[in-house]
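**Q** Would you mind keeping the following structure in view while I ask a few things?
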Amino acid sequence: MPIYMDLHIVPGVNAKDVADAHSMDVLLEKEHNCKCITYWVDELRGHVFCLIDAPDKESVTELHNRAHGLAPHKIIEVEPGLVHSFLGRITDPENAQTTENGLIVMDDTSFRILMSLKITDPVLLQKQYPAEEVKQLTNRFFTCAGKEILKQNGREVQKEPHGLVASFVSGEKAFAAAVAVLEQLQELNQLGLCISIHAGEPVMQTDKLFGDTLQTLKQLQLLNRDKPIRITNGVRELLDSALFLNHAGDVLVLSPEEENFLNRLFQTLQEHYSEEAFDIESCYTTMAMSKSQLYRKTIALCGTSPNNLIKEYRLEKATELIRSSNRSLSQISFDTGFGSASYFTKCFKQKLGVPPLNYQQTYRQAGS
């Protein structure tokens, strides 16, 4: 059966109440063909997350409703391995407290600080350097990143040919790992190292585990700015002042207002980038902003014009499809809103320095 994680929003919740509710779920789980695996409770934010093996989402809701009446606000399907990578466990923690009547009480938050480290695409590096040298450079990056993440008690979650995502319980440890990687690799300018850090919870708006946090990390990576480390204001508030000030020159900190604008902007791009007719006029109309407002804010935050950002976003999506799918380049050009394969090829070569066909061939050869 699939595994689901649900979110309950319960202001003022405490660990003992959640343990009681969980025990009531367990008593009725077989009647609903479910298995209550474990849970996380965040008393500060009033959020509870349950991990349940169930036939479908409806069974999860029915179980909770009958057991204690606390229906979930959102349910998503998850991969157990990914849950373990992000949160460090998929069973009850060994250090959980047990009351006199045998009730297991867990006060274990699922709030995590995620860090994305990205370097220049190795396929593009091969334009300037021999394949063996590129391999050595990327190996050095992954070795360094892995060592520093482990040193700061982080966990590697996702890995790609040109980057990885790590999960931390502590904001200071995530930032310390970022600074250490930057210092060790700073002389390797060709790597184009960019590190983004954001914090969040496993189930929010999207249907992907930590999807909202991962989306923000990607947005930070797309900013055309000269600061190699980009963090949100929420992460900044978790950092010791001395630690931050010692490295402030390398860090871009988004204010809550800037983060909100970027979320709105990139959400608009995500919803409409595949539409050929979507342009700057469509963008500012959709966002209910004036053209001058959109232009000014986009230049200030992204370092490029809205028109360029739309094109670069489409190219980013096209590159992802080349790497992750078997679609033809012609199909990809239409799927990403370019309208014609020739225009797509022109834009791709201008931005990345190689035609998309060459990129596709080199990427496939490297993976074979």
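We label chains A, B, ... in the order they appear in the structure tokens, count residues from 1 in each chain, and number ligands from 1 in the order shown.
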Residues within 7 Å of stretch 34-49 of chain A, please, as a PyMOL selection string. Count only C-alpha atoms; anything in the same chain fewer than 6 positions from it doesn't count.

**A** chain A and resi 5-15+26+90-92+107-110

**Q** Keeping C-alpha atoms for every residue in the selection just given, could you write it to a file as a PDB file, in the first residue's frame?

**A**
```
ATOM      1  CA  MET A   5       2.005  11.960   5.358  1.00  0.00           C
ATOM      2  CA  ASP A   6      -0.676  14.289   6.601  1.00  0.00           C
ATOM      3  CA  LEU A   7      -0.706  17.711   8.235  1.00  0.00           C
ATOM      4  CA  HIS A   8      -2.885  18.660  11.199  1.00  0.00           C
ATOM      5  CA  ILE A   9      -2.988  22.316  12.226  1.00  0.00           C
ATOM      6  CA  VAL A  10      -3.788  22.394  15.946  1.00  0.00           C
ATOM      7  CA  PRO A  11      -2.940  25.703  17.676  1.00  0.00           C
ATOM      8  CA  GLY A  12      -1.722  25.140  21.224  1.00  0.00           C
ATOM      9  CA  VAL A  13      -1.055  21.449  20.677  1.00  0.00           C
ATOM     10  CA  ASN A  14       1.235  19.598  23.067  1.00  0.00           C
ATOM     11  CA  ALA A  15       3.146  16.347  22.769  1.00  0.00           C
ATOM     12  CA  VAL A  26      -3.584   2.768  16.531  1.00  0.00           C
ATOM     13  CA  ILE A  90      10.496   6.608   9.599  1.00  0.00           C
ATOM     14  CA  THR A  91       9.833   4.840  12.909  1.00  0.00           C
ATOM     15  CA  ASP A  92       9.409   6.100  16.457  1.00  0.00           C
ATOM     16  CA  ASP A 107       8.305  15.749  21.065  1.00  0.00           C
ATOM     17  CA  ASP A 108      10.166  15.625  17.757  1.00  0.00           C
ATOM     18  CA  THR A 109       9.766  18.505  15.321  1.00  0.00           C
ATOM     19  CA  SER A 110       9.775  17.980  11.554  1.00  0.00           C
TER      20      SER A 110
END
```

**Q** Might you pull out every residue within 7 Å of stretch 57-62 of chain A, with only C-alpha atoms counted and same-chain residues fewer than 6 positions away left off, and present them as a list in words?

**A**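 Contacts, in chain order: His32, Ala71, Pro72 and Ile75 of chain A.
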
**Q** Next, write the just-selected residues to a file, as a short mmCIF file (atom, residue, chain, number, x, y, z; two decimals), in the first residue's frame, keeping N, CA and C atoms as the atom set.

**A**
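New file part.cif:
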```
data_model
loop_
_atom_site.label_atom_id
_atom_site.label_comp_id
_atom_site.auth_asym_id
_atom_site.auth_seq_id
_atom_site.Cartn_x
_atom_site.Cartn_y
_atom_site.Cartn_z
N HIS A 32 -9.61 0.13 9.45
CA HIS A 32 -9.54 0.98 8.25
C HIS A 32 -8.43 0.53 7.32
N ALA A 71 -9.46 15.87 11.72
CA ALA A 71 -9.25 15.58 10.30
C ALA A 71 -8.00 16.30 9.80
N PRO A 72 -7.23 15.68 8.93
CA PRO A 72 -6.03 16.34 8.40
C PRO A 72 -6.38 17.49 7.48
N ILE A 75 -3.04 15.94 2.85
CA ILE A 75 -2.43 14.61 2.81
C ILE A 75 -1.66 14.48 1.50
#
```

**Q** Which one of A:Leu51, A:Ala242, A:Leu124, A:Leu262 sits closest to A:Glu77 if you count only C-alpha atoms?

**A**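 Under the stated criterion, the closest residue is A:Leu51.
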
**Q** If DSSP is run on the backbone, what residues of stretch 11-145 of chain A are strand (DSSP E or B)? A reply as a ChimeraX atom specification would be ideal.

**A** /A:35-42,47-53,74-78,97-98,104-105,112-118

**Q** Deliver the residues from the most recent selection as a file, using N, CA and C atoms, as a PDB file, in the first residue's frame.

**A**
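Final output, out.pdb:
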```pdb
ATOM      1  N   LYS A  35      -1.966   1.384   8.805  1.00  0.00           N
ATOM      2  CA  LYS A  35      -0.909   1.157   9.777  1.00  0.00           C
ATOM      3  C   LYS A  35      -0.304   2.509  10.122  1.00  0.00           C
ATOM      4  N   CYS A  36      -0.501   2.949  11.373  1.00  0.00           N
ATOM      5  CA  CYS A  36       0.049   4.231  11.821  1.00  0.00           C
ATOM      6  C   CYS A  36       1.526   4.026  12.165  1.00  0.00           C
ATOM      7  N   ILE A  37       2.405   4.569  11.343  1.00  0.00           N
ATOM      8  CA  ILE A  37       3.836   4.278  11.461  1.00  0.00           C
ATOM      9  C   ILE A  37       4.503   5.126  12.528  1.00  0.00           C
ATOM     10  N   THR A  38       4.369   6.444  12.434  1.00  0.00           N
ATOM     11  CA  THR A  38       4.954   7.354  13.416  1.00  0.00           C
ATOM     12  C   THR A  38       4.391   8.749  13.181  1.00  0.00           C
ATOM     13  N   TYR A  39       4.891   9.722  13.962  1.00  0.00           N
ATOM     14  CA  TYR A  39       4.419  11.090  13.784  1.00  0.00           C
ATOM     15  C   TYR A  39       5.490  12.063  14.277  1.00  0.00           C
ATOM     16  N   TRP A  40       5.294  13.344  13.929  1.00  0.00           N
ATOM     17  CA  TRP A  40       6.137  14.447  14.395  1.00  0.00           C
ATOM     18  C   TRP A  40       5.212  15.541  14.915  1.00  0.00           C
ATOM     19  N   VAL A  41       5.616  16.214  15.966  1.00  0.00           N
ATOM     20  CA  VAL A  41       4.786  17.291  16.519  1.00  0.00           C
ATOM     21  C   VAL A  41       5.636  18.534  16.709  1.00  0.00           C
ATOM     22  N   ASP A  42       5.112  19.656  16.270  1.00  0.00           N
ATOM     23  CA  ASP A  42       5.782  20.943  16.403  1.00  0.00           C
ATOM     24  C   ASP A  42       4.898  21.836  17.272  1.00  0.00           C
ATOM     25  N   HIS A  47       1.687  22.359  14.627  1.00  0.00           N
ATOM     26  CA  HIS A  47       1.542  21.437  13.511  1.00  0.00           C
ATOM     27  C   HIS A  47       1.890  20.012  13.926  1.00  0.00           C
ATOM     28  N   VAL A  48       1.116  19.056  13.407  1.00  0.00           N
ATOM     29  CA  VAL A  48       1.378  17.639  13.632  1.00  0.00           C
ATOM     30  C   VAL A  48       1.401  16.940  12.278  1.00  0.00           C
ATOM     31  N   PHE A  49       2.377  16.045  12.090  1.00  0.00           N
ATOM     32  CA  PHE A  49       2.510  15.309  10.838  1.00  0.00           C
ATOM     33  C   PHE A  49       2.508  13.815  11.139  1.00  0.00           C
ATOM     34  N   CYS A  50       1.575  13.093  10.519  1.00  0.00           N
ATOM     35  CA  CYS A  50       1.469  11.649  10.732  1.00  0.00           C
ATOM     36  C   CYS A  50       1.931  10.894   9.492  1.00  0.00           C
ATOM     37  N   LEU A  51       2.634   9.796   9.698  1.00  0.00           N
ATOM     38  CA  LEU A  51       3.072   8.913   8.609  1.00  0.00           C
ATOM     39  C   LEU A  51       2.252   7.635   8.701  1.00  0.00           C
ATOM     40  N   ILE A  52       1.477   7.345   7.648  1.00  0.00           N
ATOM     41  CA  ILE A  52       0.511   6.248   7.700  1.00  0.00           C
ATOM     42  C   ILE A  52       0.552   5.420   6.419  1.00  0.00           C
ATOM     43  N   ASP A  53       0.576   4.113   6.596  1.00  0.00           N
ATOM     44  CA  ASP A  53       0.438   3.162   5.493  1.00  0.00           C
ATOM     45  C   ASP A  53      -1.060   2.915   5.321  1.00  0.00           C
ATOM     46  N   LYS A  74      -4.189  18.466   5.094  1.00  0.00           N
ATOM     47  CA  LYS A  74      -3.623  18.095   3.798  1.00  0.00           C
ATOM     48  C   LYS A  74      -2.974  16.721   3.925  1.00  0.00           C
ATOM     49  N   ILE A  75      -3.040  15.942   2.850  1.00  0.00           N
ATOM     50  CA  ILE A  75      -2.431  14.610   2.812  1.00  0.00           C
ATOM     51  C   ILE A  75      -1.664  14.480   1.504  1.00  0.00           C
ATOM     52  N   ILE A  76      -0.426  13.991   1.560  1.00  0.00           N
ATOM     53  CA  ILE A  76       0.346  13.736   0.351  1.00  0.00           C
ATOM     54  C   ILE A  76       0.928  12.327   0.414  1.00  0.00           C
ATOM     55  N   GLU A  77       1.125  11.737  -0.742  1.00  0.00           N
ATOM     56  CA  GLU A  77       1.801  10.443  -0.802  1.00  0.00           C
ATOM     57  C   GLU A  77       3.309  10.679  -0.784  1.00  0.00           C
ATOM     58  N   VAL A  78       4.042   9.840  -0.056  1.00  0.00           N
ATOM     59  CA  VAL A  78       5.482  10.036   0.097  1.00  0.00           C
ATOM     60  C   VAL A  78       6.238   8.728  -0.106  1.00  0.00           C
ATOM     61  N   GLN A  97       9.957   9.341  25.205  1.00  0.00           N
ATOM     62  CA  GLN A  97       9.597   9.113  26.602  1.00  0.00           C
ATOM     63  C   GLN A  97       8.387   8.189  26.690  1.00  0.00           C
ATOM     64  N   THR A  98       8.355   7.375  27.736  1.00  0.00           N
ATOM     65  CA  THR A  98       7.223   6.480  27.981  1.00  0.00           C
ATOM     66  C   THR A  98       6.622   6.818  29.336  1.00  0.00           C
ATOM     67  N   ILE A 104       3.718   6.240  24.680  1.00  0.00           N
ATOM     68  CA  ILE A 104       4.949   6.786  24.112  1.00  0.00           C
ATOM     69  C   ILE A 104       4.696   8.230  23.687  1.00  0.00           C
ATOM     70  N   VAL A 105       5.480   9.159  24.247  1.00  0.00           N
ATOM     71  CA  VAL A 105       5.306  10.590  23.973  1.00  0.00           C
ATOM     72  C   VAL A 105       6.519  11.085  23.185  1.00  0.00           C
ATOM     73  N   ARG A 112      12.754  21.595   9.253  1.00  0.00           N
ATOM     74  CA  ARG A 112      14.109  21.365   8.797  1.00  0.00           C
ATOM     75  C   ARG A 112      14.639  22.568   8.017  1.00  0.00           C
ATOM     76  N   ILE A 113      15.957  22.718   8.082  1.00  0.00           N
ATOM     77  CA  ILE A 113      16.650  23.721   7.277  1.00  0.00           C
ATOM     78  C   ILE A 113      17.264  22.982   6.100  1.00  0.00           C
ATOM     79  N   LEU A 114      16.860  23.343   4.890  1.00  0.00           N
ATOM     80  CA  LEU A 114      17.358  22.683   3.685  1.00  0.00           C
ATOM     81  C   LEU A 114      18.368  23.575   2.978  1.00  0.00           C
ATOM     82  N   MET A 115      19.411  22.951   2.473  1.00  0.00           N
ATOM     83  CA  MET A 115      20.462  23.663   1.757  1.00  0.00           C
ATOM     84  C   MET A 115      20.657  23.035   0.384  1.00  0.00           C
ATOM     85  N   SER A 116      20.656  23.870  -0.633  1.00  0.00           N
ATOM     86  CA  SER A 116      20.915  23.417  -1.998  1.00  0.00           C
ATOM     87  C   SER A 116      22.264  23.964  -2.452  1.00  0.00           C
ATOM     88  N   LEU A 117      23.138  23.083  -2.912  1.00  0.00           N
ATOM     89  CA  LEU A 117      24.435  23.474  -3.449  1.00  0.00           C
ATOM     90  C   LEU A 117      24.450  23.136  -4.933  1.00  0.00           C
ATOM     91  N   LYS A 118      24.825  24.102  -5.754  1.00  0.00           N
ATOM     92  CA  LYS A 118      24.786  23.895  -7.194  1.00  0.00           C
ATOM     93  C   LYS A 118      26.048  24.452  -7.835  1.00  0.00           C
TER      94      LYS A 118
END
```

**Q** Could you give me, as a list in words, the residues within 12 Å of A:Glu257, counting only C-alpha atoms and dropping anything in the same chain fewer than 6 positions from it?

**A**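 Skipping anything fewer than 6 positions along the chain leaves Thr232, Asn233, Gly234, Asn263, Arg264, Lys297 and Leu301 of chain A.
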
**Q** Mind checking which residues fall within 10 Å of A:Val134, counting only C-alpha atoms, ignoring those fewer than 5 positions away in the same chain, and posting them as a list in words?

**A**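 Neighbouring residues, sequence-local ones excluded: Asp121, Pro122, Val123, Leu124, Leu125, Gln126, Lys127, Gln128, Tyr129, Asn139, Arg140, Gln190 and Leu191 of chain A.
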
**Q** Among the residues of stretch 67-295 of chain A, find those DSSP assigns to alpha helix (DSSP H) from the backbone and print them as number ranges by chain.

**A** A: 67, 80-87, 122-125, 131-151, 171-185, 211-222, 233-236, 241-245, 256-272, 280-286, 291-295

**Q** With distances taken over only C-alpha atoms, which of A:Gln360, A:Ser325, A:Gln152, A:Ser274 is nearest to A:Gly339?

**A**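 With only C-alpha atoms as the atom set, the closest residue is A:Ser274.
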